[in-house]
>>> print(open('target_2.txt').read())   # compact mmCIF, C-alpha atoms
# COMPACT_ATOMS: atom_id res chain seq x y z
CA MET J 1 10.60 8.33 -22.74
CA THR J 2 10.44 5.80 -19.92
CA ASP J 3 10.17 2.20 -21.12
CA ILE J 4 7.43 0.98 -18.81
CA ALA J 5 7.46 -2.54 -20.26
CA THR J 6 11.19 -2.97 -19.58
CA ASN J 7 10.83 -1.55 -16.08
CA TYR J 8 7.90 -3.83 -15.33
CA GLN J 9 9.76 -6.94 -16.42
CA ASP J 10 12.79 -5.91 -14.36
CA ILE J 11 10.66 -5.34 -11.24
CA VAL J 12 8.86 -8.67 -11.65
CA HIS J 13 12.21 -10.44 -12.07
CA ARG J 14 13.64 -8.78 -8.98
CA ILE J 15 10.55 -9.64 -6.91
CA ARG J 16 10.82 -13.27 -8.01
CA THR J 17 14.54 -13.39 -7.22
CA ALA J 18 14.07 -11.82 -3.78
CA ALA J 19 11.19 -14.20 -3.05
CA SER J 20 13.36 -17.15 -4.05
CA ARG J 21 16.12 -16.02 -1.69
CA ALA J 22 13.56 -15.97 1.14
CA GLY J 23 11.98 -19.30 0.20
CA ARG J 24 8.70 -17.62 -0.68
CA SER J 25 6.27 -17.95 -3.57
CA PRO J 26 6.44 -14.88 -5.88
CA GLU J 27 2.68 -15.21 -6.33
CA SER J 28 2.23 -14.20 -2.68
CA ILE J 29 3.51 -10.68 -3.46
CA ARG J 30 1.31 -8.06 -5.08
CA LEU J 31 2.83 -5.21 -7.08
CA ILE J 32 1.06 -1.91 -6.41
CA ALA J 33 1.86 0.56 -9.20
CA VAL J 34 2.04 3.98 -7.52
CA SER J 35 0.75 6.43 -10.10
CA LYS J 36 0.92 9.82 -8.38
CA THR J 37 1.31 12.49 -11.14
CA VAL J 38 1.30 9.75 -13.82
CA GLU J 39 -1.18 10.40 -16.64
CA ALA J 40 -3.84 7.86 -17.58
CA ASP J 41 -2.23 6.81 -20.88
CA ARG J 42 0.97 5.73 -19.12
CA ILE J 43 -1.08 3.80 -16.58
CA ARG J 44 -2.76 2.03 -19.52
CA ASN J 45 0.69 1.07 -20.78
CA ALA J 46 1.51 -0.44 -17.38
CA VAL J 47 -1.78 -2.34 -17.34
CA ALA J 48 -0.99 -3.75 -20.79
CA CYS J 49 2.23 -5.14 -19.28
CA GLY J 50 0.40 -6.89 -16.46
CA VAL J 51 -0.27 -4.31 -13.72
CA THR J 52 -3.60 -4.91 -11.99
CA ASP J 53 -3.30 -2.78 -8.83
CA ILE J 54 -2.98 1.01 -8.73
CA GLY J 55 -1.89 3.01 -5.68
CA GLU J 56 -2.81 6.66 -5.30
CA ASN J 57 -1.89 9.22 -2.64
CA ARG J 58 -4.15 12.10 -3.65
CA LEU J 59 -7.91 11.68 -3.69
CA GLN J 60 -8.92 14.22 -6.33
CA GLU J 61 -6.21 13.12 -8.75
CA ALA J 62 -7.21 9.49 -8.22
CA LEU J 63 -10.89 10.17 -8.90
CA LEU J 64 -10.08 11.77 -12.26
CA LYS J 65 -7.92 8.82 -13.28
CA ARG J 66 -10.47 6.30 -12.08
CA GLU J 67 -13.01 7.90 -14.40
CA GLU J 68 -10.59 7.91 -17.35
CA LEU J 69 -9.67 4.28 -16.74
CA SER J 70 -13.15 3.02 -15.89
CA SER J 71 -13.12 0.52 -18.77
CA LEU J 72 -10.19 -1.36 -17.19
CA SER J 73 -10.46 -4.00 -14.49
CA LEU J 74 -8.26 -2.58 -11.74
CA LYS J 75 -7.93 -2.66 -7.98
CA TRP J 76 -7.51 0.84 -6.53
CA HIS J 77 -5.45 1.26 -3.34
CA PHE J 78 -5.50 4.47 -1.31
CA ILE J 79 -2.00 4.80 0.17
CA GLY J 80 -1.83 8.47 1.21
CA HIS J 81 -2.63 10.16 4.48
CA LEU J 82 -6.38 9.96 5.00
CA GLN J 83 -8.42 12.68 6.69
CA THR J 84 -11.92 12.04 7.99
CA ASN J 85 -13.47 14.57 5.59
CA LYS J 86 -12.20 12.48 2.64
CA ALA J 87 -13.48 9.18 4.03
CA LYS J 88 -16.77 9.14 2.12
CA LYS J 89 -15.13 9.45 -1.32
CA VAL J 90 -12.39 6.97 -0.41
CA ALA J 91 -14.96 4.46 0.84
CA GLU J 92 -16.91 4.79 -2.41
CA ASN J 93 -14.00 4.61 -4.84
CA PHE J 94 -11.22 2.41 -3.46
CA ASP J 95 -10.81 -1.33 -3.07
CA TRP J 96 -8.12 -1.11 -0.38
CA VAL J 97 -7.00 1.51 2.15
CA HIS J 98 -3.42 1.17 3.40
CA SER J 99 -3.14 4.23 5.63
CA ILE J 100 -5.49 4.10 8.61
CA ASP J 101 -3.62 5.65 11.53
CA ARG J 102 -6.34 6.42 14.05
CA LEU J 103 -9.79 5.22 15.08
CA ALA J 104 -11.63 8.33 13.86
CA VAL J 105 -10.61 7.60 10.26
CA ALA J 106 -11.67 3.96 10.53
CA GLU J 107 -15.01 4.95 12.04
CA ALA J 108 -15.62 7.48 9.26
CA LEU J 109 -15.01 4.84 6.59
CA ASP J 110 -17.23 2.38 8.41
CA ARG J 111 -20.01 4.93 8.77
CA HIS J 112 -20.04 5.82 5.08
CA LEU J 113 -20.03 2.17 4.00
CA SER J 114 -22.96 1.38 6.30
CA GLY J 115 -22.58 -2.36 5.87
CA ARG J 116 -22.87 -2.31 2.07
CA ARG J 117 -19.56 -4.14 1.69
CA LYS J 118 -16.40 -5.07 3.58
CA LEU J 119 -13.49 -2.76 2.76
CA PRO J 120 -10.04 -4.33 3.23
CA VAL J 121 -7.86 -1.96 5.27
CA LEU J 122 -4.36 -1.78 6.70
CA ILE J 123 -3.07 0.18 9.67
CA GLU J 124 -0.12 2.44 8.92
CA VAL J 125 2.46 2.08 11.70
CA LYS J 126 5.12 4.66 12.51
CA LEU J 127 8.28 2.82 13.52
CA GLY J 128 10.86 5.59 13.07
CA ASN J 129 11.38 8.64 15.25
CA GLU J 130 9.79 11.08 12.81
CA PRO J 131 7.41 13.47 14.60
CA ASN J 132 5.78 14.80 11.41
CA LYS J 133 5.14 11.43 9.76
CA SER J 134 1.70 9.81 9.75
CA GLY J 135 1.11 6.46 11.36
CA ALA J 136 -0.08 4.87 14.56
CA GLU J 137 2.48 4.59 17.33
CA GLU J 138 3.53 1.04 18.13
CA GLY J 139 2.20 1.39 21.67
CA GLU J 140 -1.26 2.26 20.34
CA LEU J 141 -1.46 -0.68 17.99
CA ALA J 142 -3.10 -3.31 20.20
CA THR J 143 -5.98 -0.99 21.07
CA LEU J 144 -6.40 0.18 17.46
CA VAL J 145 -6.41 -3.38 16.11
CA HIS J 146 -9.11 -4.35 18.61
CA GLU J 147 -11.26 -1.28 17.89
CA ILE J 148 -11.08 -1.57 14.11
CA SER J 149 -11.86 -5.28 14.29
CA GLN J 150 -15.21 -4.38 15.87
CA LEU J 151 -16.34 -2.26 12.90
CA ASN J 152 -18.86 -4.02 10.66
CA SER J 153 -17.78 -2.61 7.30
CA LEU J 154 -14.01 -2.85 7.61
CA ASP J 155 -11.91 -5.97 7.08
CA LEU J 156 -8.62 -5.39 8.90
CA ARG J 157 -6.06 -7.31 6.85
CA GLY J 158 -2.64 -6.08 7.89
CA LEU J 159 -0.09 -3.35 8.47
CA MET J 160 1.75 -0.78 6.37
CA VAL J 161 4.98 1.13 6.98
CA VAL J 162 7.05 3.84 5.30
CA PRO J 163 10.50 3.61 6.92
CA PRO J 164 12.65 6.70 7.44
CA PRO J 165 14.60 7.60 4.27
CA VAL J 166 17.94 5.80 4.07
CA ASP J 167 20.76 5.57 1.51
CA ASN J 168 21.32 1.85 1.96
CA PRO J 169 18.22 -0.37 1.59
CA GLU J 170 19.64 -2.69 4.24
CA GLU J 171 19.03 0.05 6.80
CA ALA J 172 15.29 -0.39 6.22
CA ARG J 173 15.42 -4.11 7.05
CA PRO J 174 14.91 -3.72 10.85
CA HIS J 175 11.72 -1.72 10.21
CA PHE J 176 10.35 -4.35 7.84
CA ARG J 177 11.27 -7.12 10.26
CA ARG J 178 9.59 -5.30 13.12
CA LEU J 179 6.41 -4.77 11.10
CA LYS J 180 6.30 -8.48 10.29
CA ASP J 181 6.68 -9.32 13.98
CA LEU J 182 3.80 -6.99 14.83
CA ALA J 183 1.58 -8.44 12.09
CA GLN J 184 2.25 -11.97 13.35
CA ARG J 185 1.47 -10.88 16.91
CA PHE J 186 -2.01 -9.77 15.79
CA ALA J 187 -2.48 -12.59 13.23
CA LEU J 188 -2.70 -10.15 10.32
CA PRO J 189 -1.70 -11.66 6.95
CA GLU J 190 -0.91 -8.58 4.82
CA LEU J 191 2.25 -6.47 4.92
CA SER J 192 2.40 -3.37 2.70
CA MET J 193 6.06 -2.40 2.76
CA GLY J 194 8.84 -1.66 0.32
CA MET J 195 9.15 0.95 -2.41
CA THR J 196 11.39 1.48 -5.43
CA HIS J 197 14.65 1.72 -3.48
CA ASP J 198 14.10 -1.08 -0.95
CA PHE J 199 11.39 -3.46 -2.18
CA GLU J 200 13.74 -6.43 -2.52
CA VAL J 201 14.65 -6.22 1.17
CA ALA J 202 10.94 -5.88 1.99
CA VAL J 203 10.13 -9.02 0.01
CA GLU J 204 12.88 -10.91 1.84
CA GLU J 205 11.27 -9.81 5.12
CA GLY J 206 7.74 -10.87 4.20
CA ALA J 207 6.06 -8.07 2.21
CA THR J 208 2.83 -9.16 0.55
CA MET J 209 2.43 -5.80 -1.20
CA VAL J 210 5.20 -3.58 -2.58
CA ARG J 211 4.41 -0.01 -3.64
CA ILE J 212 6.50 0.99 -6.66
CA GLY J 213 6.20 4.24 -8.60
CA THR J 214 9.52 5.65 -9.80
CA GLY J 215 10.93 2.21 -10.59
CA LEU J 216 8.03 1.58 -12.96
CA PHE J 217 7.05 4.97 -14.37
CA GLY J 218 10.36 6.84 -14.06
CA SER J 219 11.21 9.97 -12.10
CA ARG J 220 8.38 12.40 -11.50
CA SER J 221 8.73 15.84 -13.04
>>> encode(input="target_2.txt", output="structure tokens")
Amino acid sequence: MTDIATNYQDIVHRIRTAASRAGRSPESIRLIAVSKTVEADRIRNAVACGVTDIGENRLQEALLKREELSSLSLKWHFIGHLQTNKAKKVAENFDWVHSIDRLAVAEALDRHLSGRRKLPVLIEVKLGNEPNKSGAEEGELATLVHEISQLNSLDLRGLMVVPPPVDNPEEARPHFRRLKDLAQRFALPELSMGMTHDFEVAVEEGATMVRIGTGLFGSRS
């Protein structure tokens, strides 16, 4: 049985240590607990340890968990690939969206919100040469930032990246550094980058959100 409490304390310690190395405040980094395939009771255990933010990739699975955990005060982050036909449910049920990669998705979210609230969103950027991976191309970013900024119901807060898989976390550092450069270019404060295997490098490079699943909940079956 995975010891979620021990894992949580280890992750928090490692975030703090990485932040210290970079001369950053640990409080500026938000831990997103990625709970894909994790049952509600184990999420409750993580919340009891201090988790406040939940990241989900799959809409239907997330909606079931949100109902089961409705008594808890949580922030729900949609981090998976988003299609326009899912935009209505995502707009209604999530506090953050990390994975906008094209204008049509942003417009669909904006349309379904209809000015009722401002939804914080991030643009997912594709920095590696991976044809099948989601994300806006770097050359499209300036136009996409401008267009999303014009939408009344979206609050564009930053950028997100999933680097190509690497064995050595240091190999992800150039991608994190590039994302930070892009965010600074567009004056965007949030950087969603870093997962279980490379989050310390991401923190050193400026991550404000790290998305950790396996490191917290253990390997998925």
>>> residues_around(input="target_2.txt", residues="region 26-37 of chain J", least_positions_apart="2", cutoff="7 Å", atoms="only C-alpha atoms", output="JSON list (two decimals) with C-alpha atoms, keeping the file's coordinate frame")
[["chain", "number", "residue", "atom", "x", "y", "z"],
["J", 15, "ILE", "CA", 10.55, -9.64, -6.91],
["J", 16, "ARG", "CA", 10.82, -13.27, -8.01],
["J", 19, "ALA", "CA", 11.19, -14.20, -3.05],
["J", 24, "ARG", "CA", 8.70, -17.62, -0.68],
["J", 39, "GLU", "CA", -1.18, 10.40, -16.64],
["J", 51, "VAL", "CA", -0.27, -4.31, -13.72],
["J", 53, "ASP", "CA", -3.30, -2.78, -8.83],
["J", 54, "ILE", "CA", -2.98, 1.01, -8.73],
["J", 55, "GLY", "CA", -1.89, 3.01, -5.68],
["J", 56, "GLU", "CA", -2.81, 6.66, -5.30],
["J", 57, "ASN", "CA", -1.89, 9.22, -2.64],
["J", 207, "ALA", "CA", 6.06, -8.07, 2.21],
["J", 208, "THR", "CA", 2.83, -9.16, 0.55],
["J", 209, "MET", "CA", 2.43, -5.80, -1.20],
["J", 210, "VAL", "CA", 5.20, -3.58, -2.58],
["J", 211, "ARG", "CA", 4.41, -0.01, -3.64],
["J", 212, "ILE", "CA", 6.50, 0.99, -6.66],
["J", 213, "GLY", "CA", 6.20, 4.24, -8.60]]
>>> closest_residue(input="target_2.txt", among="J:His146, J:Arg21, J:Arg58, J:Arg185", to="Leu82 (chain J)", atoms="only C-alpha atoms")
J:Arg58
>>> residues_around(input="target_2.txt", residues="region 190-196 of chain J", least_positions_apart="2", cutoff="10 Å", atoms="all atoms listed in the file", output="PyMOL selection string")
chain J and resi 11+28-34+79+98-99+121-124+156-163+169+172-173+175-176+179-180+183-184+187-188+198-203+205-216
>>> atom_distance(input="target_2.txt", atom1="CA of Pro164 (chain J)", atom2="CA of Asn85 (chain J)")
27.3 Å
>>> residues_around(input="target_2.txt", residues="Leu69 (chain J)", least_positions_apart="5", cutoff="9 Å", atoms="all atoms listed in the file", output="number ranges by chain")
J: 40-41, 43-44, 64, 74
>>> closest_residue(input="target_2.txt", among="J:Asn7, J:Asn93, J:Gln83, J:Asn45", to="Val105 (chain J)", atoms="only C-alpha atoms")
J:Gln83
>>> atom_distance(input="target_2.txt", atom1="CA of Lys88 (chain J)", atom2="CA of Leu109 (chain J)")
6.4 Å
>>> atom_distance(input="target_2.txt", atom1="CA of Ile148 (chain J)", atom2="CA of Leu59 (chain J)")
22.4 Å
